[in-house]
Protein chains: 2
Amino acid sequence: MSHSHTPDAAQPRRSLHLNVNMLSSGFLPSAWRYADSRPDAFIDIDHYLQIARTAERGKLDALFLADQVSIADRIDLRPINALEPTVLLAALSTATTHIGLIGTASTTYSDPYNLARRFASLDHISHGRVAWNIVTSSDAAASHNFGLNGPLAHTTRYERAAEFVDVVKALWHSWEADALVGDKATGRFADPAKIHAIDHKGTFLDVRGPLNVPRTPQGRPLLVQAGGSGDGRALAARHADAVFSASQSLEEAIAYAHDLRQRAQTFGRDPGSIVVLPGLTTIIGGTVEEAERRKRDLLDLLDIDYAISRLSGVLGIDPSRLHPDRELPDDIPLPQDGGHTFFHATLAQARAHRYTFRQLVYALAGGTGHRVVTGTPEQIADDIEHWFKAGAADGFNLMPDVLPSGLTAFVDGVVPLLQQRGLFRQDYAETTLRERFGLPVPG
Amino acid sequence: MSHSHTPDAAQPRRSLHLNVNMLSSGFLPSAWRYADSRPDAFIDIDHYLQIARTAERGKLDALFLADQVSIADRIDLRPINALEPTVLLAALSTATTHIGLIGTASTTYSDPYNLARRFASLDHISHGRVAWNIVTSSDAAASHNFGLNGPLAHTTRYERAAEFVDVVKALWHSWEADALVGDKATGRFADPAKIHAIDHKGTFLDVRGPLNVPRTPQGRPLLVQAGGSGDGRALAARHADAVFSASQSLEEAIAYAHDLRQRAQTFGRDPGSIVVLPGLTTIIGGTVEEAERRKRDLLDLLDIDYAISRLSGVLGIDPSRLHPDRELPDDIPLPQDGGHTFFHATLAQARAHRYTFRQLVYALAGGTGHRVVTGTPEQIADDIEHWFKAGAADGFNLMPDVLPSGLTAFVDGVVPLLQQRGLFRQDYAETTLRERFGLPVPG
């Protein structure tokens, strides 16, 4: 199967793709305080096993884990990304059989040999279900954990990332497909002539190779990218098999996908060979009133200090300039880089509705950074179908309000509707994530 | 429970400790060619799952994975360590419930923050069953994968290792035991006053911390060390909870344990707080003849070129100087450092018996680097009991000739004998590996 995209047209794809993002207790910042949530869920393997099994029951495409290598958030007020993604996904791999495993790792503070090896190992262990979400690390706290006095400049980070990805891909391809001979009769285990040094000497990295892991079930793990800046889009257009975008409106999502596919063509790639998956936060209730009550209950549990901290960071202003019951200041400077989707969406909503800060926080559902849809399973399914058919998305990176209950509501309520409408698979047909995403095997 | 050691006395310990080293198809270099071995076992998760479940059925203490970050061996002739240990152990953690998980990672080519985090994550995921085997990397091939032109000098490697371990331990202790508050009523998630920067600025490493993982179920993962050199022993004496030694004789093992416990005392440690586990390669048959036949069959499958490559490396001489049907050269230079147990054992055997190289290879069972015992379950059990009661070992790091069949033979044949003799547990009593090894929880 292969995707055939005409960027702007409302041409239905053969199948919708749905991942679930496993952020600790869920995407509403107060999720850890809600109902039967357990505060230690973020370090509890049983919590993640329950999410993984629920997602696999719902025939979802993949599990996703974000990451950062520091405590950069308000640890006093909400959980952090604690468990290292490749380790956690490996633990989930032997408890699942079909679902994809997508893990984040930083190009800024990793060695390419070690990173390439961990993901290649995971691809073998999971029989071809793995993708690496490529990120750069911009927070100062992370830099201090790796011998630096501050973050690398944006441009430097992306230059290093581009070189890093080239090295990782070369390492993954350092074994030819038939390098492993395994002839018990002759005693020939492998053919060294088919295992190649990569001899990379670059600006940031010198790596000779070869990798000490044979070619993996998917040829190589898939590559995912999630940045919206110009540099991020360029990286995605060149390398990404899938993109996690953060589009807030249908028009913006269509324009984003169009731009990305055009950029991919400039690198000689098939524009249909990138799966575009915007983030989608869902708050689901059996009725509209139940959904709204759930949202209200979650926002009532939200610490306004956290919201001030979070949104002042997004807007790049001093936290003291945000007052719960006043509008945003008039003089918030526009960021210079093109990737600040959430910044613009936040500012636009605040201005259009003349929201007080508290009203804004409610409208943004606490500031997950992604589009929020609140409603019944029918309404969520309608929204997904609309975006999918409009060519705004090949599917979604689901970010449930609370985990696992928000995912369970999606799997039990929304998935059957999508299946009835012929939009989503009834069962897994493919073995690897690459096949499920309809992507060609690399040569 | 606690260990009470008088180094030289034949004082029985409360329980014997047995780990199994999961080297691909087994420790005889030809294991991958034997009987029903599958050449791709080294990258097959089902192979490792079978080993793990067999070991847990036998109530063994822990699984162990060695490692290196290069292809430094004769890939044409035998499997390598391919799958990254923390990823593979994580995959095994959710398929097991009691057995410990000991993984090797290099202090030479890792970042302490990333390494500390992966092992801390694994300790949470496994509910306290994890240990880190601390190694340095001396091979040139590894250095080329990490931007260097050659290996660090021995002393530099161990200086870096000592600083590295200090940093990792400090990161593991950067969260106080009650730093995670999780008060859903007040919204207090964690207490930042109980999460401490480590502010390390050293010779090799600058790391601010804190780690983004809370204190783990064992307080911190256990530390294991396997080097026999003077620097390696010093590192072990200062930090190791368990030591994997390579003693070839009872006298040497007793002297090694005595030396190590004395060194530990100079660091203010209880000399009984280190579990000493020599390596033990077993070749088991239902009768003496069956065991000898198994050994002969395995050695008949051994490529003599591999043996020449392996032992010329051990002896530090040019491979062309080893001839299959002649004795070793007379002028092999003695190594300067004290850690070359296997070198001395090899040379001593060759000289004492005037072995041809081929005879020497047979005597060494292909050169596993550890003591080899060939015989019936009764003979293996007798050997283990003798060493254990003589104070030469707190247990063993088992290195079966072939995996999984050599382990299955041990679990089904040797373990019941050790249990009948009151030497080995009938079932798991403890939750964490720390408790099983009788070690105190760090403050």
# chains A, B, ... in the order shown; residues from 1 in each chain; ligands from 1
>>> interface_residues(of="chain A", to="chain B", cutoff="6 Å", atoms="only C-alpha atoms", output="PyMOL selection string")
chain A and resi 33+39+45+70-71+75-78+82-84+87+90-91+94+118+121+125+144-147+182+184+188-191+206-209+212-213
>>> calpha_fit_rmsd(fixed="chain A", moving="chain B")
0.0 Å
>>> residues_around(residues="range 407-410 of chain B", least_positions_apart="5", cutoff="8 Å", atoms="only C-alpha atoms", output="ChimeraX atom specification")
/B:20,51,54-55,284-285,377,400,402,415
>>> select_by_dssp(residues="range 326-422 of chain A", states="helix (DSSP H, G or I)", output="JSON, numbers by chain")
{"A": [341, 342, 343, 344, 345, 346, 347, 348, 349, 350, 351, 352, 353, 357, 358, 359, 360, 361, 362, 363, 377, 378, 379, 380, 381, 382, 383, 384, 385, 386, 387, 388, 389, 405, 406, 407, 408, 409, 410, 411, 412, 413, 414, 415, 416, 417, 418, 419, 420]}
>>> select_by_dssp(residues="range 25-125 of chain A", states="strand (DSSP E)", output="list in words")
Ala62, Leu63, Phe64, Leu65, Gly100, Leu101, Ile102, Gly103, Thr104, Ala105 and Ser106 of chain A
>>> residues_around(residues="Lys194 in chain A", least_positions_apart="5", cutoff="10 Å", atoms="only C-alpha atoms", output="VMD selection string")
chain A and resid 174 to 180
>>> residues_around(residues="Ala365 in chain B", least_positions_apart="4", cutoff="7 Å", atoms="only C-alpha atoms", output="list of chain:residue names")
B:Leu28, B:Leu299, B:Val361
